[in-house]
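Student: Can you read through this structure? Questions will come right after.
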Amino acid sequence: MSLALDPAAQDLLFREAHTANTFTDEPVTEEQVQAIYDLVKFGPTAFNQNPLRVTLVRSAEARERLVPHMAEGNRAKTATAPLVAILAADNEFHEELPALFPAFPQAKDAFFAERPVREGSAALNAALQAAYFIVGIRAAGLAAGPMTGFDAEGIRKEFLDDDHTPLIVVNIGRPGEGASYPRSPRLPYEQVFTTV
């Protein structure tokens with residue numbers, strides 16, 4: 001075998017996993033979410049920055065505030081998912097760099113003093129962390145329904161602040177009936193890789 005990961009785990013995380021569009025009503029517990037984070041927080045980022053911020057939408061009142069900001073095709077599944085997470089980039093992540101990157105605590109000011117630089121780095125590295133989070137949801141035996149079809153400014157005003165940029169909204173739970181579409185094609189290795 002070329003991979004160290006057990007084939008069953010490979011299936012769970014990638015080959016058999018699908019984006020979910022429907023969910024059962026089984027709740028997703030705080031313990032499950034914490035276990036997911038405690039696993040995926042070790043994924044690599046530049047300068048060990050941790051710009052991802054997650055807002056868990058659990059209450060009916062918060063769900064009612066969120067759903068109108070979703071694209072029309074995403075509203076019903078967001079309204080009925082057991083848990084919804086708003087994944088955002090913290091554009092002031094650099095304040096934590098002295099503690100998170102003790103090998104070079106000056107990185108905070110040397111590289112990230114200017115807001116546009118921070119925003120670009122936060123978006124990229126929070127997106128990496130979001131991908132780890134989605135794989136972590138799968139590792140917990142749950143399904144993720146990540147979506148970028150939403151009014152970002154509306155969600156930012158409703159749930160975040162000027163220092164946070166919403167990236168992805170993720171529905172989380174156990175897949176329900178007809179949860180996913182058939183697997184779509186992927187590009188073959190030869191089309192993706194070039195050796196120089």
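Simple scheme: letters A, B, ... for chains in structure tokens order, numbers from 1 for residues in each chain, numbers from 1 for ligands in the order shown.
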Apply DSSP to the structure's backbone, then extract all residues of stretch 27-76 of chain A labelled strand (DSSP E) and return them as a PDB file with N, CA, C and O atoms, in the first residue's frame.
Tutor:
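The resulting file, selection.pdb, is shown below:
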```pdb
ATOM      1  N   LEU A  52      -8.999  31.035  11.651  1.00  0.00           N
ATOM      2  CA  LEU A  52     -10.371  30.533  11.548  1.00  0.00           C
ATOM      3  C   LEU A  52     -11.148  30.829  12.831  1.00  0.00           C
ATOM      4  O   LEU A  52     -10.673  30.570  13.939  1.00  0.00           O
ATOM      5  N   ARG A  53     -12.346  31.353  12.656  1.00  0.00           N
ATOM      6  CA  ARG A  53     -13.289  31.539  13.755  1.00  0.00           C
ATOM      7  C   ARG A  53     -14.593  30.873  13.344  1.00  0.00           C
ATOM      8  O   ARG A  53     -15.026  30.992  12.193  1.00  0.00           O
ATOM      9  N   VAL A  54     -15.211  30.186  14.293  1.00  0.00           N
ATOM     10  CA  VAL A  54     -16.415  29.408  14.004  1.00  0.00           C
ATOM     11  C   VAL A  54     -17.554  29.882  14.899  1.00  0.00           C
ATOM     12  O   VAL A  54     -17.407  29.916  16.128  1.00  0.00           O
ATOM     13  N   THR A  55     -18.655  30.242  14.277  1.00  0.00           N
ATOM     14  CA  THR A  55     -19.874  30.580  15.008  1.00  0.00           C
ATOM     15  C   THR A  55     -20.852  29.430  14.810  1.00  0.00           C
ATOM     16  O   THR A  55     -21.264  29.151  13.676  1.00  0.00           O
ATOM     17  N   LEU A  56     -21.201  28.746  15.903  1.00  0.00           N
ATOM     18  CA  LEU A  56     -22.157  27.637  15.834  1.00  0.00           C
ATOM     19  C   LEU A  56     -23.567  28.193  15.961  1.00  0.00           C
ATOM     20  O   LEU A  56     -23.885  28.886  16.935  1.00  0.00           O
ATOM     21  N   VAL A  57     -24.402  27.886  14.999  1.00  0.00           N
ATOM     22  CA  VAL A  57     -25.784  28.369  14.984  1.00  0.00           C
ATOM     23  C   VAL A  57     -26.659  27.217  15.485  1.00  0.00           C
ATOM     24  O   VAL A  57     -26.936  26.270  14.750  1.00  0.00           O
TER      25      VAL A  57
END
```
Student: So that I can see what lies close to A:Val67, please list as a list of chain:residue names the residues with an atom at most 10 Å from it, counting only C-alpha atoms and leaving out residues fewer than 2 positions away in the same chain.
Tutor: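 Once the nearby chain positions are removed, what remains is A:Ala62, A:Arg63, A:Glu64, A:Arg65, A:His69, A:Met70, A:Ala71, A:Glu72, A:Asn74, A:Arg75, A:Ala76, A:Lys77, A:Thr78, A:Ala79, A:Phe150, A:Ile155.
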Student: Go ahead and write the selection's residues with C-alpha atoms as a short mmCIF file (atom, residue, chain, number, x, y, z; two decimals), in the first residue's frame.
Tutor:
```
data_model
loop_
_atom_site.label_atom_id
_atom_site.label_comp_id
_atom_site.auth_asym_id
_atom_site.auth_seq_id
_atom_site.Cartn_x
_atom_site.Cartn_y
_atom_site.Cartn_z
CA ALA A 62 -30.26 32.41 15.40
CA ARG A 63 -31.31 30.04 12.62
CA GLU A 64 -34.15 32.40 11.69
CA ARG A 65 -31.62 35.23 11.45
CA HIS A 69 -28.93 35.45 4.16
CA MET A 70 -28.49 32.09 2.43
CA ALA A 71 -28.96 31.69 -1.33
CA GLU A 72 -32.44 30.45 -2.19
CA ASN A 74 -29.45 26.68 0.43
CA ARG A 75 -32.22 27.94 2.71
CA ALA A 76 -34.21 24.74 3.31
CA LYS A 77 -31.18 22.59 4.09
CA THR A 78 -29.75 25.26 6.39
CA ALA A 79 -33.10 25.58 8.16
CA PHE A 150 -24.86 33.37 0.87
CA ILE A 155 -23.96 37.41 7.62
#
```
Student: Can you check which parts of stretch 54-100 of chain A lie within 6 Å of stretch 108-128 of chain A? Per residue, the shortest pair of atoms and distance in Å to one decimal, counting only C-alpha atoms, sorted by chain and number, as a Markdown table.
Tutor:
```
| residue | atom | partner | partner_atom | distance |
| --- | --- | --- | --- | --- |
| A:Ala89 | CA | A:Ala126 | CA | 5.4 |
| A:Asn91 | CA | A:Glu119 | CA | 5.3 |
| A:His94 | CA | A:Lys108 | CA | 5.2 |
| A:Leu97 | CA | A:Lys108 | CA | 5.7 |
```
Student: Just to confirm, what's the straight-line distance from atom CA of A:Asn171 to atom CA of A:Ala81 in Å (one decimal)?
Tutor: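 These two atoms are separated by 5.8 Å.
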Student: When you look at A:Ala20 with a cut-off of 9 Å (counting only C-alpha atoms), what residues show up, excluding the ones that are within fewer than 4 positions of it in the same chain? I need them as a list in words.
Tutor: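 Returned residues: Ala143, Ala144, Gly145, Pro146, Asn171, Ile172, Gly173, Arg174, Pro175, Gly176, Gly178, Ala179, Ser180 and Tyr181 of chain A.
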Student: How would the residues just chosen look if you wrote them out with all heavy atoms as an mmCIF file, in the first residue's frame?
Tutor:
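Result written to part-v6.cif:
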```cif
data_model
loop_
_atom_site.group_PDB
_atom_site.id
_atom_site.type_symbol
_atom_site.label_atom_id
_atom_site.label_comp_id
_atom_site.auth_asym_id
_atom_site.auth_seq_id
_atom_site.Cartn_x
_atom_site.Cartn_y
_atom_site.Cartn_z
ATOM 1 N N ALA A 143 -21.600 14.123 8.456
ATOM 2 C CA ALA A 143 -21.516 14.643 7.098
ATOM 3 C C ALA A 143 -21.522 16.159 7.151
ATOM 4 O O ALA A 143 -22.131 16.763 8.039
ATOM 5 C CB ALA A 143 -22.683 14.142 6.257
ATOM 6 N N ALA A 144 -20.833 16.757 6.181
ATOM 7 C CA ALA A 144 -20.776 18.214 6.069
ATOM 8 C C ALA A 144 -21.445 18.642 4.779
ATOM 9 O O ALA A 144 -21.332 17.970 3.763
ATOM 10 C CB ALA A 144 -19.325 18.686 6.094
ATOM 11 N N GLY A 145 -22.117 19.768 4.845
ATOM 12 C CA GLY A 145 -22.686 20.396 3.658
ATOM 13 C C GLY A 145 -22.149 21.810 3.552
ATOM 14 O O GLY A 145 -22.819 22.769 3.937
ATOM 15 N N PRO A 146 -20.897 21.981 3.067
ATOM 16 C CA PRO A 146 -20.328 23.324 2.970
ATOM 17 C C PRO A 146 -20.929 24.122 1.821
ATOM 18 O O PRO A 146 -21.189 23.573 0.763
ATOM 19 C CB PRO A 146 -18.831 23.055 2.741
ATOM 20 C CG PRO A 146 -18.772 21.684 2.146
ATOM 21 C CD PRO A 146 -19.975 20.939 2.637
ATOM 22 N N ASN A 171 -23.390 23.079 6.958
ATOM 23 C CA ASN A 171 -24.405 22.294 7.647
ATOM 24 C C ASN A 171 -23.755 20.999 8.115
ATOM 25 O O ASN A 171 -22.969 20.395 7.384
ATOM 26 C CB ASN A 171 -25.579 21.986 6.715
ATOM 27 C CG ASN A 171 -26.314 23.244 6.306
ATOM 28 O OD1 ASN A 171 -26.406 24.194 7.055
ATOM 29 N ND2 ASN A 171 -26.842 23.251 5.091
ATOM 30 N N ILE A 172 -24.097 20.556 9.328
ATOM 31 C CA ILE A 172 -23.431 19.397 9.937
ATOM 32 C C ILE A 172 -24.469 18.469 10.538
ATOM 33 O O ILE A 172 -25.403 18.920 11.213
ATOM 34 C CB ILE A 172 -22.459 19.850 11.043
ATOM 35 C CG1 ILE A 172 -21.468 20.889 10.519
ATOM 36 C CG2 ILE A 172 -21.720 18.652 11.652
ATOM 37 C CD1 ILE A 172 -20.653 21.576 11.599
ATOM 38 N N GLY A 173 -24.280 17.165 10.313
ATOM 39 C CA GLY A 173 -25.151 16.172 10.940
ATOM 40 C C GLY A 173 -24.984 14.813 10.303
ATOM 41 O O GLY A 173 -24.053 14.573 9.531
ATOM 42 N N ARG A 174 -25.885 13.928 10.639
ATOM 43 C CA ARG A 174 -25.900 12.609 10.001
ATOM 44 C C ARG A 174 -26.719 12.722 8.725
ATOM 45 O O ARG A 174 -27.789 13.340 8.705
ATOM 46 C CB ARG A 174 -26.516 11.571 10.930
ATOM 47 C CG ARG A 174 -25.745 11.434 12.227
ATOM 48 C CD ARG A 174 -25.473 9.996 12.563
ATOM 49 N NE ARG A 174 -24.707 9.925 13.800
ATOM 50 C CZ ARG A 174 -23.411 9.680 13.863
ATOM 51 N NH1 ARG A 174 -22.735 9.474 12.766
ATOM 52 N NH2 ARG A 174 -22.788 9.637 15.015
ATOM 53 N N PRO A 175 -26.222 12.167 7.612
ATOM 54 C CA PRO A 175 -26.945 12.327 6.351
ATOM 55 C C PRO A 175 -28.339 11.722 6.397
ATOM 56 O O PRO A 175 -28.538 10.643 6.963
ATOM 57 C CB PRO A 175 -26.052 11.614 5.330
ATOM 58 C CG PRO A 175 -25.079 10.812 6.114
ATOM 59 C CD PRO A 175 -25.012 11.372 7.489
ATOM 60 N N GLY A 176 -29.283 12.435 5.820
ATOM 61 C CA GLY A 176 -30.655 11.959 5.757
ATOM 62 C C GLY A 176 -30.939 11.257 4.445
ATOM 63 O O GLY A 176 -30.032 10.981 3.651
ATOM 64 N N GLY A 178 -31.692 10.575 0.731
ATOM 65 C CA GLY A 178 -31.333 11.306 -0.478
ATOM 66 C C GLY A 178 -30.384 12.457 -0.220
ATOM 67 O O GLY A 178 -30.468 13.497 -0.864
ATOM 68 N N ALA A 179 -29.457 12.261 0.717
ATOM 69 C CA ALA A 179 -28.592 13.352 1.167
ATOM 70 C C ALA A 179 -27.630 13.848 0.109
ATOM 71 O O ALA A 179 -27.265 15.016 0.112
ATOM 72 C CB ALA A 179 -27.802 12.911 2.402
ATOM 73 N N SER A 180 -27.200 12.968 -0.798
ATOM 74 C CA SER A 180 -26.157 13.394 -1.724
ATOM 75 C C SER A 180 -26.465 12.968 -3.149
ATOM 76 O O SER A 180 -27.246 12.063 -3.401
ATOM 77 C CB SER A 180 -24.803 12.827 -1.295
ATOM 78 O OG SER A 180 -24.852 11.425 -1.264
ATOM 79 N N TYR A 181 -25.816 13.655 -4.058
ATOM 80 C CA TYR A 181 -25.908 13.327 -5.474
ATOM 81 C C TYR A 181 -24.868 12.254 -5.793
ATOM 82 O O TYR A 181 -23.917 12.055 -5.028
ATOM 83 C CB TYR A 181 -25.648 14.573 -6.321
ATOM 84 C CG TYR A 181 -26.580 15.721 -6.007
ATOM 85 C CD1 TYR A 181 -26.096 16.914 -5.482
ATOM 86 C CD2 TYR A 181 -27.952 15.609 -6.239
ATOM 87 C CE1 TYR A 181 -26.944 17.971 -5.189
ATOM 88 C CE2 TYR A 181 -28.802 16.661 -5.958
ATOM 89 C CZ TYR A 181 -28.301 17.828 -5.433
ATOM 90 O OH TYR A 181 -29.153 18.865 -5.145
#
```
Student: When you count only C-alpha atoms, which of these residues is closest to A:Asp163: A:Ala85, A:Phe193, A:Pro51, A:Ala60?
Tutor: A:Pro51
Student: Please, which residues of chain A, numbered as in this document, come out helix (DSSP H, G or I) from DSSP, as a ChimeraX atom specification?
Tutor: /A:7-15,30-40,46-48,60-69,72-80,93-100,107-112,115-139,152-159,189-192
Student: Between A:Val84, A:Ala107, A:Val196, A:Leu142, which one has atoms that come closest to A:Val170, using only C-alpha atoms?
Tutor: A:Val84
Student: Using only C-alpha atoms, which of A:Pro185, A:Gly141, A:Pro27, A:Pro68 sits nearest A:Pro82?
Tutor: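 Of all the options, A:Pro27 lies closest to A:Pro82.
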Student: What does the distance between atom CA of A:Ala131 and atom CA of A:Val169 come to in Å, to one decimal place?
Tutor: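 That distance, rounded to one decimal, is 12.0 Å.
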Student: What's the separation between atom CA of A:Ala152 and atom CA of A:Pro166, in Å to one decimal place?
Tutor: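 Value for the atom CA of A:Ala152-atom CA of A:Pro166 distance: 5.9 Å.
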Student: Can you pull out every residue within 12 Å of A:Ala99, counting only C-alpha atoms, but drop anything in the same chain fewer than 3 positions away, and send it as a compact mmCIF listing (two decimals) with C-alpha atoms, in the first residue's frame?
Tutor:
```txt
# COMPACT_ATOMS: atom_id res chain seq x y z
CA PHE A 47 3.46 30.98 10.64
CA ASN A 48 1.12 28.68 12.60
CA GLN A 49 -1.51 31.38 12.32
CA ASN A 50 -5.00 30.40 13.46
CA PHE A 93 -5.18 37.03 13.80
CA HIS A 94 -1.71 38.55 13.99
CA GLU A 95 -2.29 39.63 17.61
CA GLU A 96 -1.93 35.98 18.64
CA PRO A 102 7.29 31.63 19.44
CA ALA A 103 10.14 30.77 17.04
CA PHE A 104 9.70 34.23 15.49
CA PRO A 105 7.30 36.35 17.57
CA GLN A 106 8.30 39.43 15.54
CA ALA A 107 6.29 38.02 12.60
CA LYS A 108 3.28 39.90 13.95
```
Student: Looking at only C-alpha atoms, which of A:Gln10, A:Gln129, A:Asn21, A:Thr194 is the one that sits closest to A:Tyr37?
Tutor: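 Among the listed residues, A:Gln129 lies closest to A:Tyr37.
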